[in-house]
Amino acid sequence: MRLDKFLVEMGFGSRTEVKRLLKKKQVLVNGKIETSAKIQIDENQDEISVNNQVLIYKRFVYYLLNKPKGVISATEDDKHRTVLDLLDENARQKEVFPVGWLDIDTHGLLLLTNNGTLAHAMLSPKKHAAKVYRAKVDGIITEKDVEHFEAGIELKDFTCRPAKLTILEVNEEPQTSLVEITISEGKFHQVKRMVQACGKTVTDLERFSMGPLMLDERLELGTFRRLTKEELE
């Protein structure tokens, strides 16, 4: 790997910023000052340090994003901002992608990584990685709807796996409900379609957990952070 690419992936800015760093003689390769951006290094064998801090190369990276509405779960798009536009340069250099999909008008937890194996595992219904959503609903959710979810709602193109519907709040006067929905799959518009099958409409949808990951309440909409050591484990 080229030295400048390695430093970009390690979070030291763009290639232009990395070149400035090299010119300042702040980068050592195996104990020797290196100023050339083009030299090839072995990221797993060579010792690279910046300002006397030895860098440990990580092939995979993981980002926890609080996705806002109006942004699509894609790596590129001609018409809309994508979730990748909200991350840093390192994420783009590492070619991360969203694990699963949140509709453009759905907000909340989204994991992005370049680890395809982990992404596949988290999305596979066989792995039973639960996804939990909080939904505001136009209409009164009833215990009959709860039973409907538990039985597995039949839609036009597929039958949903049994899901958990928890009623958090019911407002009789405006005829609205606040519910929590747990599913183990993630078909297109699935949560909205399941609610619609019960004769109601989702007006706001937020995902706040996926597998072992929980939405960090300190993350404002549109902001992100790397996974913690505990979350990685």
# chains A, B, ... in the order shown; residues from 1 in each chain; ligands from 1
>>> residues_around(residues="range 90-101 of chain A", least_positions_apart="5", cutoff="9 Å", atoms="only C-alpha atoms", output="PDB file with C-alpha atoms, in the first residue's frame")
ATOM      1  CA  LYS A   5      -3.110   5.976   1.223  1.00  0.00           C
ATOM      2  CA  VAL A   8      -5.439   8.732   4.841  1.00  0.00           C
ATOM      3  CA  GLU A   9      -7.050   5.466   5.929  1.00  0.00           C
ATOM      4  CA  MET A  10      -5.659   6.004   9.413  1.00  0.00           C
ATOM      5  CA  GLY A  11      -7.500   9.320   9.630  1.00  0.00           C
ATOM      6  CA  PHE A  12      -4.784  11.888   8.991  1.00  0.00           C
ATOM      7  CA  GLY A  13      -6.847  13.828   6.471  1.00  0.00           C
ATOM      8  CA  SER A  14      -6.894  14.016   2.694  1.00  0.00           C
ATOM      9  CA  ARG A  59      -8.589  -3.300   7.769  1.00  0.00           C
ATOM     10  CA  PHE A  60     -12.199  -2.949   8.857  1.00  0.00           C
ATOM     11  CA  VAL A  61     -13.907   0.150  10.237  1.00  0.00           C
ATOM     12  CA  TYR A  62     -17.338   0.577  11.805  1.00  0.00           C
ATOM     13  CA  TYR A  63     -19.452   3.728  12.046  1.00  0.00           C
ATOM     14  CA  ILE A  72     -30.705   7.964   1.469  1.00  0.00           C
ATOM     15  CA  SER A  73     -29.004   4.759   2.560  1.00  0.00           C
ATOM     16  CA  ALA A  74     -26.612   4.500  -0.383  1.00  0.00           C
ATOM     17  CA  THR A  75     -22.992   5.230  -1.224  1.00  0.00           C
ATOM     18  CA  VAL A  83     -25.293   8.603   4.311  1.00  0.00           C
ATOM     19  CA  LEU A  84     -21.705   8.478   3.075  1.00  0.00           C
ATOM     20  CA  ASP A  85     -21.787  12.271   2.612  1.00  0.00           C
ATOM     21  CA  LEU A 110     -27.535   2.925  10.844  1.00  0.00           C
ATOM     22  CA  LEU A 111     -24.321   0.898  10.907  1.00  0.00           C
ATOM     23  CA  LEU A 112     -21.780   1.450   8.146  1.00  0.00           C
ATOM     24  CA  THR A 113     -18.724  -0.733   7.592  1.00  0.00           C
ATOM     25  CA  ASN A 114     -16.460  -2.263   4.954  1.00  0.00           C
ATOM     26  CA  ASN A 115     -16.769  -5.696   6.574  1.00  0.00           C
ATOM     27  CA  GLY A 116     -18.991  -7.604   4.153  1.00  0.00           C
ATOM     28  CA  LEU A 118     -20.364  -9.020   9.289  1.00  0.00           C
ATOM     29  CA  ALA A 119     -22.894  -7.058   7.235  1.00  0.00           C
ATOM     30  CA  HIS A 120     -24.256 -10.274   5.744  1.00  0.00           C
ATOM     31  CA  MET A 122     -26.419  -8.927  10.663  1.00  0.00           C
ATOM     32  CA  LEU A 123     -28.875  -8.863   7.755  1.00  0.00           C
ATOM     33  CA  GLY A 186     -35.869  -6.105   6.718  1.00  0.00           C
ATOM     34  CA  PHE A 188     -38.566  -2.992   1.554  1.00  0.00           C
TER      35      PHE A 188
END
>>> select_by_dssp(residues="range 68-116 of chain A", states="strand (DSSP E or B)", output="list of chain:residue names")
A:Ile72, A:Thr82, A:Phe97, A:Pro98, A:Thr106, A:His107, A:Gly108, A:Leu109, A:Leu110, A:Leu111, A:Leu112, A:Thr113
>>> residues_around(residues="Ser36 in chain A", least_positions_apart="3", cutoff="10 Å", atoms="only C-alpha atoms", output="PyMOL selection string")
chain A and resi 2-4+19+22-23+25+27+33+39-40
>>> write_last_selection(atoms="N, CA, C and O atoms", output="CSV table (one decimal), in the first residue's frame")
chain,number,residue,atom,x,y,z
A,2,ARG,N,0.5,2.3,-0.8
A,2,ARG,CA,1.2,3.5,-0.7
A,2,ARG,C,1.1,4.2,0.6
A,2,ARG,O,0.1,4.1,1.3
A,3,LEU,N,2.2,4.9,1.0
A,3,LEU,CA,2.2,5.5,2.4
A,3,LEU,C,1.1,6.5,2.5
A,3,LEU,O,0.5,6.6,3.6
A,4,ASP,N,0.9,7.3,1.5
A,4,ASP,CA,-0.2,8.4,1.7
A,4,ASP,C,-1.5,7.7,1.8
A,4,ASP,O,-2.4,8.2,2.6
A,19,LYS,N,0.4,14.9,2.6
A,19,LYS,CA,1.6,15.3,2.0
A,19,LYS,C,2.3,16.4,2.8
A,19,LYS,O,3.5,16.5,2.9
A,22,LEU,N,4.0,14.8,5.7
A,22,LEU,CA,5.3,14.2,5.3
A,22,LEU,C,6.4,15.3,5.1
A,22,LEU,O,7.5,15.1,5.5
A,23,LYS,N,6.0,16.4,4.5
A,23,LYS,CA,7.0,17.5,4.3
A,23,LYS,C,7.5,18.0,5.6
A,23,LYS,O,8.7,18.5,5.7
A,25,LYS,N,8.3,16.3,8.0
A,25,LYS,CA,9.1,15.2,8.6
A,25,LYS,C,8.6,14.7,9.9
A,25,LYS,O,9.3,14.4,10.8
A,27,VAL,N,6.7,11.9,9.9
A,27,VAL,CA,6.3,10.5,9.7
A,27,VAL,C,7.6,9.6,9.7
A,27,VAL,O,8.5,9.9,8.9
A,33,ILE,N,12.9,8.8,9.0
A,33,ILE,CA,12.0,9.8,8.5
A,33,ILE,C,11.7,9.6,7.0
A,33,ILE,O,12.6,9.2,6.3
A,39,ILE,N,6.0,5.9,-1.6
A,39,ILE,CA,6.6,4.7,-1.3
A,39,ILE,C,5.6,3.6,-0.9
A,39,ILE,O,4.6,3.9,-0.3
A,40,GLN,N,5.9,2.4,-1.2
A,40,GLN,CA,5.1,1.3,-0.8
A,40,GLN,C,5.5,0.7,0.6
A,40,GLN,O,6.7,0.6,0.8
>>> atom_distance(atom1="CA of Glu231 in chain A", atom2="CA of Asp204 in chain A")
27.5 Å
>>> decode(residues="range 129-164 of chain A", atoms="N, CA, C and O atoms", output="JSON list (two decimals), in the first residue's frame")
[["chain", "number", "residue", "atom", "x", "y", "z"],
["A", 129, "ALA", "N", -30.88, -11.22, 14.06],
["A", 129, "ALA", "CA", -30.43, -9.93, 14.60],
["A", 129, "ALA", "C", -31.63, -9.00, 14.62],
["A", 129, "ALA", "O", -32.07, -8.49, 13.59],
["A", 130, "ALA", "N", -32.20, -8.81, 15.79],
["A", 130, "ALA", "CA", -33.43, -8.03, 15.91],
["A", 130, "ALA", "C", -33.20, -6.56, 15.59],
["A", 130, "ALA", "O", -32.17, -5.97, 15.94],
["A", 131, "LYS", "N", -34.17, -5.98, 14.90],
["A", 131, "LYS", "CA", -34.16, -4.54, 14.60],
["A", 131, "LYS", "C", -35.38, -3.94, 15.29],
["A", 131, "LYS", "O", -36.49, -4.41, 15.08],
["A", 132, "VAL", "N", -35.14, -2.93, 16.10],
["A", 132, "VAL", "CA", -36.23, -2.36, 16.90],
["A", 132, "VAL", "C", -36.49, -0.92, 16.44],
["A", 132, "VAL", "O", -35.58, -0.10, 16.33],
["A", 133, "TYR", "N", -37.77, -0.65, 16.17],
["A", 133, "TYR", "CA", -38.20, 0.66, 15.68],
["A", 133, "TYR", "C", -39.21, 1.27, 16.64],
["A", 133, "TYR", "O", -39.97, 0.56, 17.32],
["A", 134, "ARG", "N", -39.24, 2.59, 16.67],
["A", 134, "ARG", "CA", -40.29, 3.31, 17.38],
["A", 134, "ARG", "C", -41.08, 4.07, 16.32],
["A", 134, "ARG", "O", -40.51, 4.82, 15.52],
["A", 135, "ALA", "N", -42.40, 3.86, 16.30],
["A", 135, "ALA", "CA", -43.23, 4.43, 15.25],
["A", 135, "ALA", "C", -44.38, 5.25, 15.82],
["A", 135, "ALA", "O", -45.05, 4.83, 16.77],
["A", 136, "LYS", "N", -44.59, 6.42, 15.23],
["A", 136, "LYS", "CA", -45.80, 7.20, 15.51],
["A", 136, "LYS", "C", -46.81, 6.80, 14.44],
["A", 136, "LYS", "O", -46.48, 6.75, 13.26],
["A", 137, "VAL", "N", -48.01, 6.49, 14.89],
["A", 137, "VAL", "CA", -49.01, 5.92, 13.99],
["A", 137, "VAL", "C", -50.29, 6.76, 13.99],
["A", 137, "VAL", "O", -50.77, 7.18, 15.05],
["A", 138, "ASP", "N", -50.82, 6.97, 12.81],
["A", 138, "ASP", "CA", -52.11, 7.62, 12.66],
["A", 138, "ASP", "C", -53.17, 6.53, 12.75],
["A", 138, "ASP", "O", -53.35, 5.75, 11.80],
["A", 139, "GLY", "N", -53.84, 6.44, 13.89],
["A", 139, "GLY", "CA", -54.81, 5.38, 14.14],
["A", 139, "GLY", "C", -54.54, 4.74, 15.49],
["A", 139, "GLY", "O", -53.45, 4.87, 16.06],
["A", 140, "ILE", "N", -55.52, 4.04, 16.02],
["A", 140, "ILE", "CA", -55.39, 3.40, 17.33],
["A", 140, "ILE", "C", -54.95, 1.95, 17.16],
["A", 140, "ILE", "O", -55.65, 1.13, 16.57],
["A", 141, "ILE", "N", -53.75, 1.65, 17.68],
["A", 141, "ILE", "CA", -53.24, 0.28, 17.66],
["A", 141, "ILE", "C", -53.92, -0.50, 18.79],
["A", 141, "ILE", "O", -53.99, -0.03, 19.93],
["A", 142, "THR", "N", -54.39, -1.70, 18.48],
["A", 142, "THR", "CA", -55.13, -2.51, 19.45],
["A", 142, "THR", "C", -54.40, -3.81, 19.76],
["A", 142, "THR", "O", -53.43, -4.17, 19.10],
["A", 143, "GLU", "N", -54.91, -4.53, 20.75],
["A", 143, "GLU", "CA", -54.35, -5.83, 21.10],
["A", 143, "GLU", "C", -54.53, -6.82, 19.94],
["A", 143, "GLU", "O", -53.72, -7.74, 19.77],
["A", 144, "LYS", "N", -55.56, -6.64, 19.15],
["A", 144, "LYS", "CA", -55.76, -7.48, 17.98],
["A", 144, "LYS", "C", -54.61, -7.30, 16.99],
["A", 144, "LYS", "O", -54.15, -8.26, 16.37],
["A", 145, "ASP", "N", -54.13, -6.06, 16.86],
["A", 145, "ASP", "CA", -52.98, -5.79, 15.99],
["A", 145, "ASP", "C", -51.73, -6.47, 16.53],
["A", 145, "ASP", "O", -50.90, -6.98, 15.77],
["A", 146, "VAL", "N", -51.58, -6.47, 17.85],
["A", 146, "VAL", "CA", -50.44, -7.13, 18.50],
["A", 146, "VAL", "C", -50.44, -8.61, 18.14],
["A", 146, "VAL", "O", -49.40, -9.18, 17.77],
["A", 147, "GLU", "N", -51.61, -9.23, 18.21],
["A", 147, "GLU", "CA", -51.74, -10.65, 17.86],
["A", 147, "GLU", "C", -51.46, -10.88, 16.38],
["A", 147, "GLU", "O", -50.87, -11.90, 16.01],
["A", 148, "HIS", "N", -51.89, -9.94, 15.56],
["A", 148, "HIS", "CA", -51.66, -10.02, 14.11],
["A", 148, "HIS", "C", -50.15, -10.05, 13.82],
["A", 148, "HIS", "O", -49.67, -10.84, 13.00],
["A", 149, "PHE", "N", -49.41, -9.19, 14.50],
["A", 149, "PHE", "CA", -47.95, -9.15, 14.32],
["A", 149, "PHE", "C", -47.31, -10.46, 14.79],
["A", 149, "PHE", "O", -46.41, -10.98, 14.13],
["A", 150, "GLU", "N", -47.77, -10.97, 15.91],
["A", 150, "GLU", "CA", -47.20, -12.20, 16.47],
["A", 150, "GLU", "C", -47.45, -13.40, 15.56],
["A", 150, "GLU", "O", -46.63, -14.32, 15.50],
["A", 151, "ALA", "N", -48.56, -13.37, 14.83],
["A", 151, "ALA", "CA", -48.90, -14.49, 13.95],
["A", 151, "ALA", "C", -48.13, -14.46, 12.64],
["A", 151, "ALA", "O", -47.99, -15.48, 11.96],
["A", 152, "GLY", "N", -47.61, -13.28, 12.28],
["A", 152, "GLY", "CA", -46.91, -13.13, 10.99],
["A", 152, "GLY", "C", -47.84, -12.54, 9.96],
["A", 152, "GLY", "O", -48.73, -13.24, 9.45],
["A", 153, "ILE", "N", -47.66, -11.27, 9.67],
["A", 153, "ILE", "CA", -48.58, -10.57, 8.76],
["A", 153, "ILE", "C", -48.32, -10.98, 7.32],
["A", 153, "ILE", "O", -47.18, -11.01, 6.85],
["A", 154, "GLU", "N", -49.40, -11.28, 6.63],
["A", 154, "GLU", "CA", -49.30, -11.68, 5.22],
["A", 154, "GLU", "C", -49.48, -10.45, 4.33],
["A", 154, "GLU", "O", -50.54, -9.82, 4.33],
["A", 155, "LEU", "N", -48.45, -10.12, 3.57],
["A", 155, "LEU", "CA", -48.52, -9.02, 2.61],
["A", 155, "LEU", "C", -48.70, -9.60, 1.21],
["A", 155, "LEU", "O", -48.71, -10.82, 1.03],
["A", 156, "LYS", "N", -48.83, -8.74, 0.23],
["A", 156, "LYS", "CA", -49.10, -9.21, -1.14],
["A", 156, "LYS", "C", -47.99, -10.10, -1.69],
["A", 156, "LYS", "O", -48.26, -11.08, -2.38],
["A", 157, "ASP", "N", -46.74, -9.74, -1.40],
["A", 157, "ASP", "CA", -45.62, -10.45, -2.01],
["A", 157, "ASP", "C", -44.87, -11.39, -1.07],
["A", 157, "ASP", "O", -44.04, -12.18, -1.51],
["A", 158, "PHE", "N", -45.15, -11.35, 0.22],
["A", 158, "PHE", "CA", -44.50, -12.28, 1.14],
["A", 158, "PHE", "C", -45.21, -12.23, 2.50],
["A", 158, "PHE", "O", -45.96, -11.31, 2.79],
["A", 159, "THR", "N", -44.96, -13.27, 3.29],
["A", 159, "THR", "CA", -45.51, -13.32, 4.64],
["A", 159, "THR", "C", -44.40, -13.00, 5.63],
["A", 159, "THR", "O", -43.33, -13.63, 5.62],
["A", 160, "CYS", "N", -44.64, -12.02, 6.47],
["A", 160, "CYS", "CA", -43.63, -11.58, 7.43],
["A", 160, "CYS", "C", -43.42, -12.64, 8.52],
["A", 160, "CYS", "O", -44.36, -13.35, 8.90],
["A", 161, "ARG", "N", -42.21, -12.71, 9.00],
["A", 161, "ARG", "CA", -41.94, -13.56, 10.15],
["A", 161, "ARG", "C", -42.67, -12.96, 11.37],
["A", 161, "ARG", "O", -42.95, -11.75, 11.39],
["A", 162, "PRO", "N", -42.97, -13.77, 12.36],
["A", 162, "PRO", "CA", -43.60, -13.23, 13.57],
["A", 162, "PRO", "C", -42.79, -12.06, 14.13],
["A", 162, "PRO", "O", -41.56, -12.10, 14.18],
["A", 163, "ALA", "N", -43.49, -11.00, 14.49],
["A", 163, "ALA", "CA", -42.84, -9.79, 14.98],
["A", 163, "ALA", "C", -43.49, -9.35, 16.28],
["A", 163, "ALA", "O", -44.62, -9.75, 16.60],
["A", 164, "LYS", "N", -42.79, -8.53, 17.03],
["A", 164, "LYS", "CA", -43.31, -8.05, 18.32],
["A", 164, "LYS", "C", -43.78, -6.60, 18.18],
["A", 164, "LYS", "O", -43.02, -5.73, 17.74]]
